file start-v6.txt (compact mmCIF, C-alpha atoms and all ligand atoms)
# COMPACT_ATOMS: atom_id res chain seq x y z
CA MET A 19 -9.23 35.93 -38.81
CA ASP A 20 -8.04 32.46 -37.90
CA SER A 21 -10.41 31.27 -35.18
CA LYS A 22 -7.56 29.73 -33.20
CA TYR A 23 -5.76 33.01 -33.10
CA PHE A 24 -9.03 34.76 -32.43
CA SER A 25 -9.79 32.85 -29.22
CA PHE A 26 -6.19 33.23 -28.11
CA LYS A 27 -6.61 36.99 -28.48
CA MET A 28 -9.87 36.79 -26.56
CA PHE A 29 -8.10 35.01 -23.71
CA ARG A 30 -5.54 37.76 -23.55
CA TYR A 31 -8.25 40.35 -23.60
CA ALA A 32 -10.21 38.52 -20.88
CA ILE A 33 -7.15 38.64 -18.63
CA LYS A 34 -7.02 42.39 -19.11
CA LEU A 35 -10.71 42.67 -18.33
CA ARG A 36 -10.16 40.67 -15.18
CA GLU A 37 -7.27 42.84 -14.16
CA THR A 38 -9.44 45.92 -14.54
CA LYS A 39 -12.20 44.19 -12.59
CA ASN A 40 -14.44 44.10 -15.62
CA TYR A 41 -15.64 40.65 -14.68
CA GLU A 42 -19.00 40.64 -16.47
CA GLU A 43 -17.30 41.44 -19.78
CA ALA A 44 -14.69 38.75 -19.17
CA ILE A 45 -17.42 36.17 -18.57
CA LYS A 46 -19.05 37.13 -21.86
CA LEU A 47 -15.77 36.51 -23.66
CA TYR A 48 -15.34 33.13 -22.00
CA ASP A 49 -18.89 32.23 -23.01
CA ILE A 50 -18.05 32.93 -26.63
CA ILE A 51 -14.93 30.76 -26.42
CA ILE A 52 -16.90 27.96 -24.75
CA LYS A 53 -19.40 28.01 -27.59
CA THR A 54 -17.04 28.44 -30.51
CA ASP A 55 -13.69 26.84 -29.73
CA PRO A 56 -13.85 23.23 -28.54
CA LYS A 57 -10.08 23.14 -28.12
CA ARG A 58 -10.14 25.96 -25.59
CA LYS A 59 -13.47 25.13 -24.03
CA TYR A 60 -11.85 23.37 -21.08
CA GLU A 61 -9.64 26.29 -20.17
CA ALA A 62 -12.44 28.81 -20.65
CA LEU A 63 -14.79 26.82 -18.42
CA ILE A 64 -12.21 26.77 -15.67
CA LYS A 65 -11.49 30.47 -15.95
CA LYS A 66 -15.16 31.33 -16.01
CA SER A 67 -15.83 29.14 -12.99
CA ARG A 68 -13.18 31.02 -11.11
CA ILE A 69 -14.88 34.36 -11.63
CA VAL A 70 -18.29 32.90 -10.92
CA PHE A 71 -16.93 31.51 -7.69
CA LYS A 72 -14.68 34.33 -6.53
CA ILE A 73 -16.56 37.37 -7.68
CA ASN A 74 -20.15 36.33 -8.15
CA LYS A 75 -19.89 34.09 -5.07
CA ASN A 76 -21.89 31.40 -6.75
CA PRO A 77 -20.12 28.15 -5.87
CA LYS A 78 -22.91 26.01 -7.25
CA GLU A 79 -22.71 27.44 -10.71
CA ALA A 80 -18.90 27.33 -10.52
CA LEU A 81 -19.04 23.66 -9.65
CA ASN A 82 -21.34 22.95 -12.57
CA LEU A 83 -18.90 24.63 -14.90
CA LEU A 84 -16.07 22.52 -13.51
CA ILE A 85 -18.10 19.36 -13.87
CA GLU A 86 -18.68 20.29 -17.50
CA ALA A 87 -14.94 20.87 -17.86
CA GLU A 88 -14.21 17.47 -16.38
CA LYS A 89 -16.31 15.90 -19.10
CA ILE A 90 -13.75 17.18 -21.55
CA GLN A 91 -10.71 16.13 -19.54
CA PRO A 92 -11.71 13.70 -16.84
CA LEU A 93 -9.60 13.71 -13.72
CA HIS A 94 -7.46 16.51 -14.94
CA PHE A 95 -5.79 18.10 -11.98
CA TYR A 96 -6.72 21.62 -12.95
CA ALA A 97 -10.47 21.14 -12.70
CA LEU A 98 -10.15 18.86 -9.70
CA LEU A 99 -8.14 21.39 -7.80
CA GLU A 100 -10.56 24.16 -8.52
CA LYS A 101 -13.35 21.92 -7.35
CA ALA A 102 -11.48 21.05 -4.20
CA LEU A 103 -10.87 24.72 -3.61
CA ILE A 104 -14.56 25.48 -3.79
CA TYR A 105 -15.41 22.65 -1.46
CA GLN A 106 -12.77 23.79 0.94
CA SER A 107 -14.03 27.34 1.00
CA LEU A 108 -17.54 26.10 1.54
CA LYS A 109 -16.03 24.46 4.60
CA ASN A 110 -17.92 21.38 3.62
CA THR A 111 -15.51 18.72 4.71
CA LEU A 112 -17.67 15.86 3.54
CA LYS A 113 -17.79 17.06 -0.02
CA TYR A 114 -14.13 17.88 0.15
CA SER A 115 -13.15 14.39 1.13
CA LEU A 116 -15.02 13.17 -1.92
CA THR A 117 -12.78 15.29 -4.01
CA LEU A 118 -9.75 13.92 -2.27
CA GLU A 119 -10.93 10.44 -3.10
CA GLU A 120 -11.09 11.37 -6.72
CA ALA A 121 -7.69 12.85 -6.35
CA LYS A 122 -6.33 9.60 -5.03
CA LEU A 123 -7.10 8.10 -8.41
CA ASN A 124 -4.50 10.34 -9.81
CA ASN A 125 -1.41 10.04 -7.70
CA MET A 126 0.11 13.19 -9.02
CA LEU A 127 -2.70 15.17 -7.50
CA LYS A 128 -1.90 14.34 -3.92
CA GLU A 129 1.02 16.69 -3.85
CA ASP A 130 -0.93 19.45 -5.55
CA ILE A 131 -3.75 19.13 -3.08
CA SER A 132 -1.45 19.34 -0.08
CA GLN A 133 0.27 22.34 -1.61
CA MET A 134 -3.12 23.87 -2.20
CA LEU A 135 -4.22 23.25 1.36
CA LYS A 136 -1.14 24.99 2.64
CA ILE A 137 -1.97 28.06 0.60
CA LEU A 138 -5.59 27.92 1.60
CA LYS A 139 -4.64 28.01 5.25
CA GLU A 140 -2.98 31.34 4.68
CA ASP A 141 -5.87 32.45 2.54
CA PRO A 142 -8.94 31.43 4.47
CA ASP A 143 -11.42 33.27 2.30
CA GLY A 144 -10.71 30.83 -0.46
CA PHE A 145 -9.24 33.39 -2.82
CA ILE A 146 -6.77 31.92 -5.18
CA ILE A 147 -3.68 33.99 -4.88
CA GLU A 148 -1.95 35.00 -8.05
CA SER A 149 1.23 33.11 -7.35
CA TYR A 150 -0.77 29.97 -6.95
CA GLU A 151 -2.33 30.45 -10.34
CA ASN A 152 1.15 30.74 -11.71
CA TYR A 153 2.14 27.61 -9.90
CA LEU A 154 -0.76 25.73 -11.44
CA TYR A 155 -0.01 27.12 -14.84
CA LYS A 156 3.59 26.07 -14.54
CA LYS A 157 2.55 22.59 -13.53
CA LEU A 158 0.32 22.34 -16.55
CA LYS A 159 3.09 23.55 -18.81
CA ASP A 160 5.57 21.19 -17.18
CA ARG A 161 3.33 18.30 -17.97
CA GLU A 162 2.83 19.37 -21.55
CA TYR A 163 6.57 19.77 -21.86
CA TYR A 164 7.13 16.32 -20.39
CA ASN A 165 4.68 14.67 -22.75
CA LYS A 166 6.32 16.30 -25.72
CA ASN A 167 9.90 15.51 -24.74
CA GLN A 168 9.40 12.27 -22.88
CA GLU A 169 12.08 10.33 -24.71
CA GLU A 170 14.76 12.92 -24.32
CA LEU A 171 13.90 13.53 -20.67
CA CYS A 172 14.08 9.82 -19.95
CA ARG A 173 17.46 9.64 -21.58
CA LYS A 174 18.64 12.60 -19.55
CA THR A 175 17.44 10.96 -16.36
CA ARG A 176 19.25 7.76 -17.25
CA ASP A 177 22.45 9.65 -17.95
CA TYR A 178 22.16 11.61 -14.75
CA ARG A 179 21.73 8.43 -12.76
CA LYS A 180 24.77 6.93 -14.41
CA ASN A 181 26.94 9.94 -13.68
CA ASN A 182 25.73 10.53 -10.13
CA LEU A 183 25.21 7.00 -8.97
CA ALA A 184 26.33 7.56 -5.40
CA SER A 185 24.07 10.49 -4.61
CA VAL A 186 21.20 8.98 -6.58
CA LYS A 187 21.45 5.84 -4.48
CA ILE A 188 21.24 7.85 -1.28
CA LYS A 189 18.21 9.72 -2.56
CA ASP A 190 16.60 6.47 -3.66
CA LYS A 191 17.14 5.07 -0.21
CA ILE A 192 15.50 8.05 1.44
CA ARG A 193 12.55 7.72 -0.89
CA GLN A 194 12.38 4.00 -0.28
CA GLU A 195 12.25 4.53 3.45
CA ARG A 196 9.42 6.96 2.97
CA ASN A 197 7.47 4.49 0.87
CA LYS A 198 8.31 1.52 3.02
CA GLU A 199 5.39 1.91 5.35
CA ASN A 200 2.95 2.30 2.48
CA ARG A 201 4.31 -0.73 0.74
CA ARG A 202 4.16 -2.73 3.95
CA ILE A 203 0.49 -1.95 4.36
CA LYS A 204 -0.23 -2.76 0.73
CA GLU A 205 1.67 -6.03 0.92
CA LYS A 206 -0.23 -6.97 4.08
CA GLU A 207 -3.51 -6.31 2.30
CA ARG A 208 -2.38 -8.37 -0.69
CA ARG A 209 -1.44 -11.33 1.53
CA LYS A 210 -4.73 -11.13 3.35
CA GLN A 211 -6.72 -11.07 0.13
CA LEU A 212 -4.77 -13.90 -1.51
CA TRP A 213 -5.12 -16.10 1.55
CA LYS A 214 -8.82 -15.38 1.71
CA GLU A 215 -9.20 -16.56 -1.86
CA ALA A 216 -6.97 -19.55 -1.22
CA ILE A 217 -8.96 -20.68 1.82
CA ASN A 218 -12.11 -20.20 -0.22
CA PHE A 219 -10.68 -22.44 -2.91
CA PHE A 220 -8.75 -25.12 -0.99
CA GLY A 221 -10.59 -24.96 2.31
CA SER A 222 -8.95 -24.92 5.76
CA CYS A 223 -6.01 -27.09 6.97
CA ALA A 224 -6.63 -30.47 5.34
CA LYS A 225 -5.89 -32.27 8.61
CA CYS A 226 -7.04 -30.19 11.57
CA GLU A 227 -9.31 -27.65 9.85
CA GLU A 228 -7.36 -24.69 11.19
CA THR A 229 -8.68 -21.57 9.43
CA ARG A 230 -6.48 -18.76 10.74
CA ARG A 231 -4.38 -17.79 7.74
CA GLU A 232 -1.41 -16.89 9.95
CA PHE A 233 -0.98 -20.62 10.63
CA LEU A 234 -1.46 -21.89 7.11
CA GLU A 235 0.83 -22.84 4.29
CA ILE A 236 0.53 -24.42 0.86
CA ASP A 237 1.58 -28.06 0.81
CA HIS A 238 2.56 -30.17 -2.20
CA ILE A 239 0.41 -33.26 -1.82
CA ASN A 240 2.89 -35.54 -3.57
CA GLY A 241 5.57 -33.96 -1.45
CA GLY A 242 9.31 -34.53 -1.61
CA GLY A 243 11.72 -34.05 -4.46
CA SER A 244 14.45 -31.48 -4.00
CA LYS A 245 13.48 -30.03 -7.36
CA LYS A 246 9.98 -29.35 -6.18
CA ARG A 247 11.16 -28.02 -2.89
CA ARG A 248 13.45 -25.62 -4.68
CA LEU A 249 10.49 -24.50 -6.77
CA LYS A 250 8.44 -24.10 -3.63
CA LYS A 251 11.14 -21.91 -2.18
CA GLU A 252 11.15 -19.77 -5.28
CA LEU A 253 7.43 -19.36 -5.16
CA ALA A 254 7.06 -19.38 -1.43
CA GLY A 255 3.77 -18.54 0.19
CA VAL A 256 1.90 -15.63 -1.30
CA ASN A 257 3.80 -15.69 -4.55
CA LEU A 258 2.58 -19.20 -5.17
CA LEU A 259 -0.92 -18.02 -4.34
CA ALA A 260 -0.51 -15.09 -6.71
CA LYS A 261 0.41 -17.58 -9.43
CA PHE A 262 -2.72 -19.61 -8.67
CA LYS A 263 -4.76 -16.47 -8.86
CA ARG A 264 -3.28 -15.58 -12.24
CA LEU A 265 -4.33 -19.04 -13.43
CA ASN A 266 -7.79 -18.22 -12.05
CA TRP A 267 -7.81 -21.03 -9.46
CA PRO A 268 -8.22 -24.03 -11.81
CA GLU A 269 -9.66 -27.19 -10.22
CA TYR A 270 -6.63 -29.35 -11.08
CA LEU A 271 -4.59 -27.46 -8.47
CA LYS A 272 -6.47 -29.39 -5.81
CA LYS A 273 -4.83 -32.61 -7.00
CA GLU A 274 -1.39 -31.19 -6.48
CA TYR A 275 -1.74 -28.80 -3.58
CA ARG A 276 -3.59 -28.46 -0.33
CA ILE A 277 -3.53 -26.20 2.68
CA LEU A 278 -1.94 -27.41 5.87
CA CYS A 279 -1.23 -25.56 9.05
CA HIS A 280 2.47 -25.35 9.97
CA ASN A 281 1.92 -27.80 12.81
CA CYS A 282 0.22 -30.45 10.69
CA ASN A 283 2.90 -30.04 8.06
CA SER A 284 5.63 -30.59 10.59
CA LEU A 285 3.82 -33.70 11.85
CA GLU A 286 4.53 -35.16 8.42
CA ASN A 287 8.20 -35.30 9.37
CA PRO A 288 8.35 -36.75 12.88
CA LYS A 289 11.42 -35.94 14.93
CA LYS A 290 14.16 -38.55 15.04
CA ASP A 291 15.77 -37.70 18.35
CA LEU A 292 12.74 -37.87 20.62
CA LYS A 293 14.78 -38.24 23.79
CA ILE A 294 16.48 -34.85 23.73
CA TRP A 295 13.21 -33.19 22.82
CA GLN A 296 11.45 -34.90 25.72
CA GLU A 297 14.12 -33.52 28.06
CA ALA A 298 13.79 -30.08 26.49
CA LEU A 299 10.06 -30.17 26.97
CA GLU A 300 10.52 -30.98 30.64
CA PHE A 301 13.02 -28.17 31.01
CA PHE A 302 11.43 -25.38 28.94
CA GLY A 303 7.80 -26.39 29.17
CA PRO A 304 5.38 -26.55 26.23
CA CYS A 305 4.84 -23.93 23.48
CA GLU A 306 5.04 -20.68 25.38
CA CYS A 307 2.16 -19.25 23.39
CA CYS A 308 -0.46 -21.99 23.00
CA LYS A 309 0.87 -24.60 25.45
CA THR A 310 1.02 -27.34 22.85
CA SER A 311 3.26 -30.14 24.08
CA ASN A 312 3.37 -32.32 20.99
CA ILE A 313 7.09 -32.79 20.46
CA ASN A 314 6.74 -33.19 16.74
CA VAL A 315 5.47 -29.65 16.27
CA LEU A 316 7.81 -27.89 18.68
CA CYS A 317 10.87 -25.88 17.76
CA VAL A 318 13.45 -23.82 19.64
CA ASP A 319 12.87 -20.10 19.35
CA HIS A 320 15.52 -17.43 19.86
CA ILE A 321 13.69 -14.99 22.07
CA LYS A 322 15.90 -12.08 21.10
CA GLY A 323 15.37 -12.79 17.43
CA ASN A 324 18.08 -13.02 14.79
CA GLY A 325 17.24 -16.70 14.55
CA THR A 326 18.46 -17.32 11.03
CA LYS A 327 21.88 -15.83 11.72
CA ARG A 328 22.34 -17.61 15.02
CA ARG A 329 21.09 -20.91 13.72
CA LYS A 330 24.17 -21.05 11.53
CA THR A 331 26.62 -20.58 14.39
CA GLU A 332 24.75 -22.28 17.20
CA GLY A 333 23.03 -25.07 15.35
CA ASN A 334 19.35 -25.73 15.28
CA GLY A 335 16.86 -28.00 16.99
CA ALA A 336 18.34 -31.15 18.45
CA VAL A 337 21.93 -29.97 17.92
CA LEU A 338 21.28 -26.81 19.88
CA LEU A 339 19.37 -28.67 22.59
CA LYS A 340 22.24 -31.11 23.03
CA ARG A 341 24.60 -28.22 23.56
CA ILE A 342 22.29 -26.78 26.18
CA LYS A 343 22.13 -30.20 27.80
CA LYS A 344 25.91 -30.31 27.90
CA LEU A 345 25.79 -27.05 29.85
CA GLY A 346 23.51 -28.84 32.32
CA TRP A 347 20.24 -27.09 31.42
CA PRO A 348 21.10 -23.78 33.15
CA GLU A 349 18.05 -21.74 34.21
CA GLU A 350 19.31 -18.49 32.68
CA ILE A 351 19.21 -20.04 29.20
CA LYS A 352 15.43 -19.62 29.41
CA GLU A 353 15.99 -15.94 28.88
CA GLU A 354 17.47 -16.72 25.48
CA TYR A 355 15.49 -19.66 24.25
CA ARG A 356 12.00 -21.02 24.53
CA LEU A 357 9.94 -23.67 22.85
CA LEU A 358 7.22 -22.66 20.42
CA CYS A 359 5.06 -24.74 18.17
CA GLN A 360 5.49 -24.20 14.45
CA ASN A 361 2.20 -22.32 14.17
CA CYS A 362 3.03 -19.78 16.86
CA ASN A 363 6.66 -19.53 15.81
CA GLN A 364 5.95 -18.85 12.13
CA SER A 365 3.17 -16.42 12.83
CA LEU A 366 5.39 -14.50 15.25
CA GLY A 367 8.17 -14.54 12.67
CA TYR A 368 6.14 -13.34 9.71
CA ASN A 369 3.44 -11.26 11.34
CA LYS A 370 5.14 -10.20 14.57
CA TYR A 371 2.11 -11.43 16.45
CA CYS A 372 0.34 -14.70 17.08
CA PRO A 373 -3.44 -14.94 16.68
CA HIS A 374 -3.57 -16.72 20.04
CA GLN A 375 -2.46 -13.51 21.72
CA LYS A 376 -5.03 -11.51 19.82
CA ASP A 377 -7.71 -13.94 20.97
CA LYS A 378 -6.50 -13.51 24.52
CA ILE A 379 -6.72 -9.74 24.26
CA HIS A 380 -10.24 -10.04 22.90
CA GLU A 381 -11.22 -12.39 25.68
CA LYS A 382 -9.77 -9.98 28.20
CA GLU A 383 -11.67 -7.09 26.64
CA ASP A 384 -14.83 -9.14 26.64
CA THR A 385 -14.53 -9.97 30.33
CA GLU A 386 -13.67 -6.40 31.15
CA ILE A 387 -16.79 -5.18 29.36
CA LYS A 388 -18.85 -7.71 31.30
ZN ZN B 1 -3.56 -28.38 10.91
ZN ZN B 2 1.86 -22.72 19.87
ZN ZN B 3 0.28 -18.75 19.44
call {"tool": "encode", "arguments": {"input": "start-v6.txt", "output": "structure tokens"}}
result
Amino acid sequence: MDSKYFSFKMFRYAIKLRETKNYEEAIKLYDIIIKTDPKRKYEALIKKSRIVFKINKNPKEALNLLIEAEKIQPLHFYALLEKALIYQSLKNTLKYSLTLEEAKLNNMLKEDISQMLKILKEDPDGFIIESYENYLYKKLKDREYYNKNQEELCRKTRDYRKNNLASVKIKDKIRQERNKENRRIKEKERRKQLWKEAINFFGSCAKCEETRREFLEIDHINGGGSKKRRLKKELAGVNLLAKFKRLNWPEYLKKEYRILCHNCNSLENPKKDLKIWQEALEFFGPCECCKTSNINVLCVDHIKGNGTKRRKTEGNGAVLLKRIKKLGWPEEIKEEYRLLCQNCNQSLGYNKYCPHQKDKIHEKEDTEIK
């Protein structure tokens, strides 16, 4: 008999044995398959582990079988899930979280695990209910089907999108919203890491040695040139850093770029209309956050946000201040505008916080602890 067909028959027979609770015989069949049919070894190991775990109540041996199975197909969701199931039933949360960590490596697994946990909650003894087995089996089949028909399925998806653009867009948006938070966290981590590497490479602010990355920016040493500025805009901030990282931080970058804090950078372009700014300083007071009173680093901040939009209609900086002056510096305008230094303003804009405030909170905590 063809050995392929033979082990297929044995699988069928093993199922029957299981159904009639003839577990010992079923295990013997699986053992034969494990020894003789490398193509079906993985499946047989999993099935055997299930009996060993459920019926023989020997989770350790079951785990060993699964680990052997994973050697054949590493990180395959089938074995991982079974493993997770065993851990869960052992109520060993530590071990279980290890499994989840493995699962994280394979994104697809997350959903399966949560589905599994749901079922487990209703099935606290850790028995795998039949419908769940079917669910797993279907998943496996789905994946096989996908791999086989990838091209056609992709084409179908493309066509569907074309024909249902409106509803697809809505669905995309919902999904986007869901992923937004995750992406935000990832992006934050990426920024943090890139800036860490950048500060390592370039050092702190070339002028005042500021080291808090929230205040720092990349400066073109040779400055100027609208062309360069346009380029800088294209590769603003972290994207420029990402480019440097791709180049593996070559030394020659230090000839062209340096790190400056926003304040030091703005000192490079002193204000022309000092008089109106002096008046504004007297009226508003210094940077509301850090109390800096150096006119050349101050800017007008729209307290209620929407700065970019309003700047267009209300004018910016000196123009705006002159308009306020025309109104006779009314007190209530302080509810709408304030002065901030570039460092505090940009950090509040990008990060929604200023490190100064964090320092203050820490100081407060420190004194409270004392
Ligand atoms: Zn500086
Ligand atoms: Zn400030
Ligand atoms: Zn500040």
call {"tool": "residues_near_ligand", "arguments": {"input": "start-v6.txt", "ligand": "ligand ZN 1 (chain B)", "cutoff": "7 Å", "atoms": "all atoms listed in the file", "output": "PyMOL selection string"}}
result
chain A and resi 223-228+278-282
call {"tool": "residues_near_ligand", "arguments": {"input": "start-v6.txt", "ligand": "ligand ZN 3 (chain B)", "cutoff": "12 Å", "atoms": "all atoms listed in the file", "output": "count of residues only"}}
result
34
call {"tool": "closest_residue", "arguments": {"input": "start-v6.txt", "among": "A:Leu299, A:Ile239, A:Leu212, A:Leu292", "to": "Arg276 of chain A", "atoms": "all atoms listed in the file"}}
result
A:Ile239
call {"tool": "closest_residue", "arguments": {"input": "start-v6.txt", "among": "A:Leu47, A:Val315, A:Val337, A:Leu83", "to": "ligand ZN 2 (chain B)", "atoms": "all atoms listed in the file"}}
result
A:Val315
call {"tool": "closest_residue", "arguments": {"input": "start-v6.txt", "among": "A:Ala62, A:Ala336, A:Ile313, A:Leu81", "to": "ligand ZN 2 (chain B)", "atoms": "all atoms listed in the file"}}
result
A:Ile313
call {"tool": "atom_distance", "arguments": {"input": "start-v6.txt", "atom1": "atom CA of Ala87 of chain A", "atom2": "atom CA of Ile64 of chain A"}}
result
6.9 Å
call {"tool": "closest_residue", "arguments": {"input": "start-v6.txt", "among": "A:Asp291, A:Glu42, A:Asp237, A:Glu297", "to": "Lys273 of chain A", "atoms": "only C-alpha atoms"}}
result
A:Asp237
call {"tool": "atom_distance", "arguments": {"input": "start-v6.txt", "atom1": "atom CA of Leu63 of chain A", "atom2": "atom CA of Lys166 of chain A"}}
result
24.7 Å
call {"tool": "closest_residue", "arguments": {"input": "start-v6.txt", "among": "A:Gly323, A:Gly346, A:Gly335, A:Gly303", "to": "ligand ZN 2 (chain B)", "atoms": "only C-alpha atoms and all ligand atoms"}}
result
A:Gly303
call {"tool": "atom_distance", "arguments": {"input": "start-v6.txt", "atom1": "atom CA of Asn240 of chain A", "atom2": "atom CA of Lys272 of chain A"}}
result
11.4 Å
call {"tool": "closest_residue", "arguments": {"input": "start-v6.txt", "among": "A:Glu350, A:Glu170, A:Leu345, A:Cys317", "to": "ligand ZN 2 (chain B)", "atoms": "only C-alpha atoms and all ligand atoms"}}
result
A:Cys317
call {"tool": "residues_around", "arguments": {"input": "start-v6.txt", "residues": "Asp49 of chain A", "least_positions_apart": "4", "cutoff": "12 Å", "atoms": "all atoms listed in the file", "output": "list of chain:residue names"}}
result
A:Ser25, A:Met28, A:Phe29, A:Ala32, A:Glu42, A:Glu43, A:Ala44, A:Ile45, A:Lys53, A:Thr54, A:Asp55, A:Pro56, A:Arg58, A:Lys59, A:Tyr60, A:Glu61, A:Ala62, A:Leu63, A:Ile64, A:Lys65, A:Lys66, A:Ser67, A:Leu83
